[in-house]
Structure formats: structure tokens, C-alpha cells
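For reference, the structure is listed below as C-alpha cells.
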Amino acid sequence: MDTQTTLPMEHAHLLTQVTGRAHDVLRIAAQDRWPGRELTALAGYLRAELIRQVTDEERLLFPAHEATPELSRLARDHARLRACVDTLAAAARERGARSPAQIATTVRDLLTQLGDHLATEQAVLAAPGGPASSTSALGACPHRWYPLTEGPAVDLDALPADRLTEAIGDRLHRLSRGEQLDLCSSTDPGDLCDALAAGHDDYGFTYLACGPGLWRVRVTHRLGR
């Protein structure tokens with residue numbers, strides 16, 4: 001079960017994860033070096049988790065509140081955050097188009113904007129008598145899944161069995177064309193692979209190990225599809 005049941009708790013986790021990755025970028029940029037790996041990690045997290053957070057808030061939290069100037073401001077904040085994420089993602093792809101100092105300025109602006117927005121959002125969306133429920137408490141993917149599903153291999157045993165298809169499906173959607181991901185488990189993940197493959201053939205599944213103690217399936221996001 002997800003332990004981040006309130007919006008402030010969910011926001012705190014999200015902000016901690018963004019801040020840690022942002023500080024890695026700022027540390028390298030302060031040396032007037034291009035923070036390629038660090039910027040890619042930050043942009044990847046922002047696109048996967050921050051954009052999903054604002055989308056889930058608009059889908060799950062906003063409809064429960066009346067249309068007010070404060071709610072409109074939150075929506076405008078979300079649009080600005082999306083634009084900032086797009087800027088950083090483009091910079092990560094276009095190495096050298098911006099200087100390390102320019103990247104550092106954009107990252108600092110993001111941190112300031114995000115911190116102010118989250119504080120305002122918690123006040124505007126607060127439930128009577130207490131904080132608003134988190135998006136994950138209302139069915140969205142918990143942010144704690146991200147580090148469990150990143151990297152070239154995923155330990156399926158570390159994820160909740162009842163939401164395994166959802167967690168891995170979310171990870172597969174982030175694979176680039178031709179990219180591969182290994183699914184590791186103490187039991188045969190065949191049913192999971194069948195569920196992930198159902199309805200489309202964008203992904204190929206190949207068994208690399210077949211037990212008894214370790215099962216390993218390589219998933220490939222196929223090219224030219």
C-alpha cells in the first residue's frame with residue numbers, strides 16, 4: 001500500500017526527488033561543465049513524474065473544487081511547469097545549444113517555481129478539516145515506483161503484485177525505440193508479459209533465464225513499428 005496518503009506527503013516526496021537531481025545538475029554546471037548525464041536524469045524524472053503529477057491532479061483533484069481564480073492560477077502554474085520541463089528536455093537532447101550557466105538558471109527557476117506552486121496548491125486544494133488526499137491515494141501511480149523501475153533491469157519482486165502490470169506498463173511507455181529492459185523475478189513472469197503484450201506488438205519478449213530461482217525476460221521496444 002502506498003504510504004503517501006495526503007497531498008503534502010506526496011508533494012514532499014516529489015520535491016525531494018526533483019531537488020536531488022537538480023542539485024546534481026547545478027553542481028556540474030557550477031564547474032562550467034556540461035551536465036549531460038545529470039540533465040538527462042533530471043529531465044527524465046520531470047517528464048515521467050512531475051508531468052504525470054500535474055496531469056493526475058487536474059484529473060483527480062481539480063474536479064472536486066469549484067472554478068475559482070485560485071484554481072485557474074494552479075492550472076496556469078501547471079502550464080508553466082510543463083513548458084519548463086519541455087525546455088530542459090530539449091536542452092538534454094541538444095547538447096551545447098545552451099551554456100551550463102543558462103541551464104543552471106533554468107533549473108533554479110524550476111525549483112523556485114515548483115516549491116511556490118506546491119505550497120499554494122496544498123492550501124487551495126485542502127479538504128475541510130485537513131489536507132487533500134494524494135493522487136496516489138485516489139488510484140494514480142505512486143512516485144515511489146520510479147526508482148524501482150528505472151535502469152536497465154527491474155526487480156519485479158520489489159513491486160506490489162496487485163499493480164505489477166500498471167507499474168511495468170508505465171515503465172515500458174518510457175522506453176525509446178530499440179531500447180531494452182530486463183524483467184527479473186523469482187517466479188515465471190509469463191502472465192505479466194502476456195498482459196503487457198495484449199493488444200499491440202510494439203514490444204518483443206525474450207526469456208534469458210528460466211528458473212528455478214531466477215527468471216529473466218528481456219523486453220525490446222521494437223524499431224520500425
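Ordering of the C-alpha cells sets the chain letters (A, B, ...); residue numbers start at 1 within each chain; ligands are numbered from 1 in the order shown.
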
For the structure I just gave you, how does DSSP split chain A - specifically, which residues are helix (DSSP H, G or I)? Reply as a compact mmCIF listing (two decimals) with C-alpha atoms, in the first residue's frame.
```txt
# COMPACT_ATOMS: atom_id res chain seq x y z
CA LEU A 7 -1.13 15.70 -0.92
CA PRO A 8 1.58 17.37 1.25
CA MET A 9 3.26 13.98 1.75
CA GLU A 10 3.13 13.25 -1.98
CA HIS A 11 4.43 16.71 -2.81
CA ALA A 12 7.28 16.37 -0.29
CA HIS A 13 8.47 13.15 -1.92
CA LEU A 14 8.22 14.64 -5.41
CA LEU A 15 10.07 17.83 -4.43
CA THR A 16 12.83 15.84 -2.71
CA GLN A 17 13.39 13.74 -5.81
CA VAL A 18 13.40 16.75 -8.14
CA THR A 19 15.69 18.76 -5.85
CA GLY A 20 18.26 15.99 -5.56
CA ARG A 21 18.52 15.60 -9.32
CA ALA A 22 18.52 19.38 -9.84
CA HIS A 23 21.40 19.83 -7.41
CA ASP A 24 23.41 17.26 -9.37
CA VAL A 25 22.94 19.42 -12.47
CA LEU A 26 23.86 22.63 -10.61
CA ARG A 27 27.00 21.05 -9.14
CA ILE A 28 28.39 20.20 -12.58
CA ALA A 29 27.22 23.45 -14.18
CA GLY A 36 24.84 15.80 -19.76
CA ARG A 37 24.14 12.73 -17.65
CA GLU A 38 22.71 14.74 -14.78
CA LEU A 39 20.46 16.82 -17.02
CA THR A 40 19.17 13.70 -18.76
CA ALA A 41 18.34 12.16 -15.37
CA LEU A 42 16.55 15.31 -14.22
CA ALA A 43 14.61 15.73 -17.46
CA GLY A 44 13.62 12.07 -17.44
CA TYR A 45 12.26 12.29 -13.92
CA LEU A 46 10.42 15.53 -14.63
CA ARG A 47 8.77 14.16 -17.75
CA ALA A 48 7.79 10.89 -16.11
CA GLU A 49 6.80 12.05 -12.62
CA LEU A 50 6.20 15.81 -12.48
CA ILE A 51 4.14 15.91 -15.68
CA ARG A 52 2.16 12.89 -14.52
CA GLN A 53 1.59 14.56 -11.15
CA VAL A 54 0.09 17.73 -12.62
CA THR A 55 -2.00 15.68 -15.07
CA ASP A 56 -3.30 13.45 -12.26
CA GLU A 57 -4.11 16.49 -10.12
CA GLU A 58 -6.16 18.03 -12.92
CA ARG A 59 -7.92 14.71 -13.45
CA LEU A 60 -8.45 13.57 -9.85
CA LEU A 61 -8.30 16.65 -7.59
CA PHE A 62 -9.42 19.70 -9.54
CA PRO A 63 -12.95 18.44 -10.40
CA ALA A 64 -13.83 18.27 -6.69
CA PRO A 69 -9.38 32.36 -9.63
CA GLU A 70 -7.14 30.33 -7.33
CA LEU A 71 -7.86 27.12 -9.22
CA SER A 72 -7.26 28.92 -12.51
CA ARG A 73 -3.90 30.07 -11.17
CA LEU A 74 -2.95 26.46 -10.38
CA ALA A 75 -3.81 25.47 -13.95
CA ARG A 76 -1.63 28.29 -15.28
CA ASP A 77 1.17 27.15 -12.98
CA HIS A 78 0.87 23.68 -14.45
CA ALA A 79 1.21 25.07 -17.97
CA ARG A 80 4.37 26.96 -16.98
CA LEU A 81 5.82 23.87 -15.32
CA ARG A 82 5.15 21.82 -18.46
CA ALA A 83 6.89 24.48 -20.56
CA CYS A 84 9.92 24.50 -18.24
CA VAL A 85 10.15 20.70 -18.39
CA ASP A 86 9.99 20.85 -22.19
CA THR A 87 12.85 23.39 -22.17
CA LEU A 88 15.06 21.16 -20.02
CA ALA A 89 14.19 18.04 -22.04
CA ALA A 90 15.13 19.86 -25.25
CA ALA A 91 18.40 21.04 -23.69
CA ALA A 92 19.21 17.46 -22.69
CA ARG A 93 18.73 16.35 -26.31
CA PRO A 100 25.99 25.44 -18.41
CA ALA A 101 25.17 28.83 -16.83
CA GLN A 102 21.93 29.08 -18.80
CA ILE A 103 20.96 25.56 -17.77
CA ALA A 104 21.68 26.40 -14.15
CA THR A 105 19.41 29.47 -14.34
CA THR A 106 16.57 27.41 -15.80
CA VAL A 107 16.96 24.72 -13.13
CA ARG A 108 16.96 27.27 -10.31
CA ASP A 109 13.85 28.89 -11.77
CA LEU A 110 12.17 25.48 -11.88
CA LEU A 111 12.95 24.78 -8.22
CA THR A 112 11.61 28.16 -7.11
CA GLN A 113 8.51 27.87 -9.26
CA LEU A 114 7.81 24.29 -8.16
CA GLY A 115 8.27 25.00 -4.46
CA ASP A 116 5.96 28.02 -4.54
CA HIS A 117 3.37 26.17 -6.61
CA LEU A 118 3.22 23.12 -4.36
CA ALA A 119 2.73 25.26 -1.25
CA THR A 120 -0.07 27.22 -2.92
CA GLU A 121 -1.70 24.08 -4.26
CA GLN A 122 -1.81 22.44 -0.85
CA ALA A 123 -3.63 25.48 0.54
CA VAL A 124 -6.10 25.77 -2.34
CA SER A 136 -1.85 8.01 -5.44
CA ALA A 137 -4.47 7.52 -2.70
CA LEU A 138 -7.07 8.07 -5.42
CA TRP A 145 7.72 3.25 -8.08
CA TYR A 146 10.04 5.37 -10.22
CA PRO A 147 13.39 4.33 -8.68
CA LEU A 148 12.18 0.72 -8.56
CA THR A 149 11.50 0.67 -12.30
CA LEU A 156 9.54 -7.47 -10.11
CA ASP A 157 9.55 -8.87 -6.58
CA ALA A 158 10.08 -5.33 -5.20
CA ALA A 161 1.88 -7.77 -7.07
CA ASP A 162 -1.63 -6.39 -7.47
CA ARG A 163 -0.42 -3.41 -9.54
CA LEU A 164 2.53 -5.00 -11.31
CA THR A 165 1.07 -4.67 -14.81
CA GLU A 166 0.38 -0.98 -14.22
CA ALA A 167 3.86 -0.27 -12.84
CA ILE A 168 5.74 -2.06 -15.61
CA GLY A 169 3.39 -0.77 -18.29
CA ASP A 170 4.20 2.76 -17.18
CA ARG A 171 7.92 1.96 -17.45
CA LEU A 172 7.57 0.45 -20.93
CA GLY A 190 4.86 -15.10 -18.27
CA ASP A 191 1.38 -13.91 -17.27
CA LEU A 192 2.70 -10.37 -16.83
CA CYS A 193 4.37 -10.44 -20.25
CA ASP A 194 1.15 -11.71 -21.84
CA ALA A 195 -0.79 -8.85 -20.22
CA LEU A 196 1.76 -6.26 -21.36
CA ALA A 197 1.78 -7.62 -24.91
```

Tell me which protein, DNA and RNA residues are within 6 Å of stretch 206-222 of chain A, counting only C-alpha atoms, leaving out same-chain ones fewer than 2 positions away, and put them as a ChimeraX atom specification. /A:177-186,188,202-204

Print the selection's residues with all heavy atoms to a file, as a tab-separated table (two decimals), in the first residue's frame.
```tsv
chain	number	residue	atom	x	y	z
A	177	ARG	N	12.58	3.80	-28.85
A	177	ARG	CA	12.61	2.77	-29.89
A	177	ARG	C	13.97	2.07	-29.89
A	177	ARG	O	15.01	2.71	-29.91
A	177	ARG	CB	12.37	3.39	-31.26
A	177	ARG	CG	10.99	4.01	-31.42
A	177	ARG	CD	9.91	2.95	-31.58
A	177	ARG	NE	8.60	3.55	-31.80
A	177	ARG	CZ	7.48	2.85	-31.97
A	177	ARG	NH1	7.52	1.55	-31.94
A	177	ARG	NH2	6.33	3.46	-32.16
A	178	GLY	N	13.94	0.77	-29.82
A	178	GLY	CA	15.17	-0.01	-29.79
A	178	GLY	C	15.73	-0.25	-28.40
A	178	GLY	O	16.64	-1.06	-28.23
A	179	GLU	N	15.21	0.45	-27.40
A	179	GLU	CA	15.71	0.29	-26.03
A	179	GLU	C	15.21	-1.03	-25.44
A	179	GLU	O	14.12	-1.51	-25.78
A	179	GLU	CB	15.27	1.46	-25.16
A	179	GLU	CG	15.91	1.49	-23.77
A	179	GLU	CD	15.50	2.70	-22.96
A	179	GLU	OE1	14.76	3.56	-23.50
A	179	GLU	OE2	15.91	2.78	-21.80
A	180	GLN	N	16.00	-1.59	-24.52
A	180	GLN	CA	15.65	-2.86	-23.90
A	180	GLN	C	15.55	-2.73	-22.39
A	180	GLN	O	16.18	-1.86	-21.78
A	180	GLN	CB	16.70	-3.92	-24.25
A	180	GLN	CG	16.76	-4.25	-25.73
A	180	GLN	CD	17.84	-5.28	-26.04
A	180	GLN	OE1	18.90	-5.29	-25.43
A	180	GLN	NE2	17.55	-6.14	-27.02
A	181	LEU	N	14.76	-3.60	-21.80
A	181	LEU	CA	14.56	-3.64	-20.35
A	181	LEU	C	14.47	-5.09	-19.92
A	181	LEU	O	13.73	-5.87	-20.53
A	181	LEU	CB	13.28	-2.88	-19.97
A	181	LEU	CG	12.90	-2.89	-18.49
A	181	LEU	CD1	13.87	-2.02	-17.69
A	181	LEU	CD2	11.46	-2.40	-18.31
A	182	ASP	N	15.20	-5.46	-18.86
A	182	ASP	CA	15.14	-6.82	-18.34
A	182	ASP	C	14.21	-6.87	-17.13
A	182	ASP	O	14.33	-6.05	-16.21
A	182	ASP	CB	16.53	-7.30	-17.92
A	182	ASP	CG	17.40	-7.65	-19.11
A	182	ASP	OD1	16.94	-7.48	-20.26
A	182	ASP	OD2	18.55	-8.08	-18.90
A	183	LEU	N	13.29	-7.82	-17.14
A	183	LEU	CA	12.38	-8.06	-16.03
A	183	LEU	C	12.88	-9.28	-15.26
A	183	LEU	O	12.96	-10.37	-15.83
A	183	LEU	CB	10.96	-8.30	-16.54
A	183	LEU	CG	10.37	-7.21	-17.45
A	183	LEU	CD1	8.97	-7.60	-17.90
A	183	LEU	CD2	10.37	-5.86	-16.76
A	184	CYS	N	13.23	-9.09	-13.99
A	184	CYS	CA	13.79	-10.17	-13.17
A	184	CYS	C	12.80	-10.55	-12.07
A	184	CYS	O	12.18	-9.68	-11.45
A	184	CYS	CB	15.11	-9.72	-12.54
A	184	CYS	SG	16.32	-9.12	-13.73
A	185	SER	N	12.65	-11.85	-11.83
A	185	SER	CA	11.68	-12.31	-10.85
A	185	SER	C	12.08	-13.68	-10.31
A	185	SER	O	12.81	-14.42	-10.96
A	185	SER	CB	10.29	-12.39	-11.51
A	185	SER	OG	9.33	-12.90	-10.61
A	186	SER	N	11.56	-13.98	-9.12
A	186	SER	CA	11.80	-15.30	-8.53
A	186	SER	C	10.79	-16.32	-9.06
A	186	SER	O	10.91	-17.52	-8.78
A	186	SER	CB	11.70	-15.22	-7.01
A	186	SER	OG	10.42	-14.75	-6.61
A	188	ASP	N	8.03	-17.25	-12.64
A	188	ASP	CA	7.84	-17.03	-14.07
A	188	ASP	C	6.93	-15.81	-14.32
A	188	ASP	O	5.76	-15.81	-13.90
A	188	ASP	CB	7.22	-18.28	-14.69
A	188	ASP	CG	7.11	-18.18	-16.21
A	188	ASP	OD1	7.48	-17.13	-16.78
A	188	ASP	OD2	6.65	-19.17	-16.80
A	202	ASP	N	4.22	-3.72	-30.13
A	202	ASP	CA	5.34	-2.79	-30.06
A	202	ASP	C	6.53	-3.36	-29.30
A	202	ASP	O	7.65	-2.87	-29.44
A	202	ASP	CB	4.91	-1.49	-29.37
A	202	ASP	CG	4.02	-0.64	-30.26
A	202	ASP	OD1	3.97	-0.92	-31.47
A	202	ASP	OD2	3.38	0.29	-29.74
A	203	TYR	N	6.28	-4.38	-28.48
A	203	TYR	CA	7.34	-4.91	-27.62
A	203	TYR	C	7.57	-6.39	-27.90
A	203	TYR	O	6.62	-7.16	-28.10
A	203	TYR	CB	6.99	-4.72	-26.14
A	203	TYR	CG	6.70	-3.28	-25.78
A	203	TYR	CD1	5.39	-2.81	-25.69
A	203	TYR	CD2	7.74	-2.38	-25.56
A	203	TYR	CE1	5.13	-1.49	-25.38
A	203	TYR	CE2	7.49	-1.05	-25.24
A	203	TYR	CZ	6.17	-0.61	-25.17
A	203	TYR	OH	5.91	0.70	-24.87
A	204	GLY	N	8.86	-6.77	-27.89
A	204	GLY	CA	9.21	-8.17	-28.02
A	204	GLY	C	9.69	-8.69	-26.68
A	204	GLY	O	10.34	-7.97	-25.92
```

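Going from atom CA of A:Glu94 over to atom CA of A:Arg33, you cover 14.9 Å.
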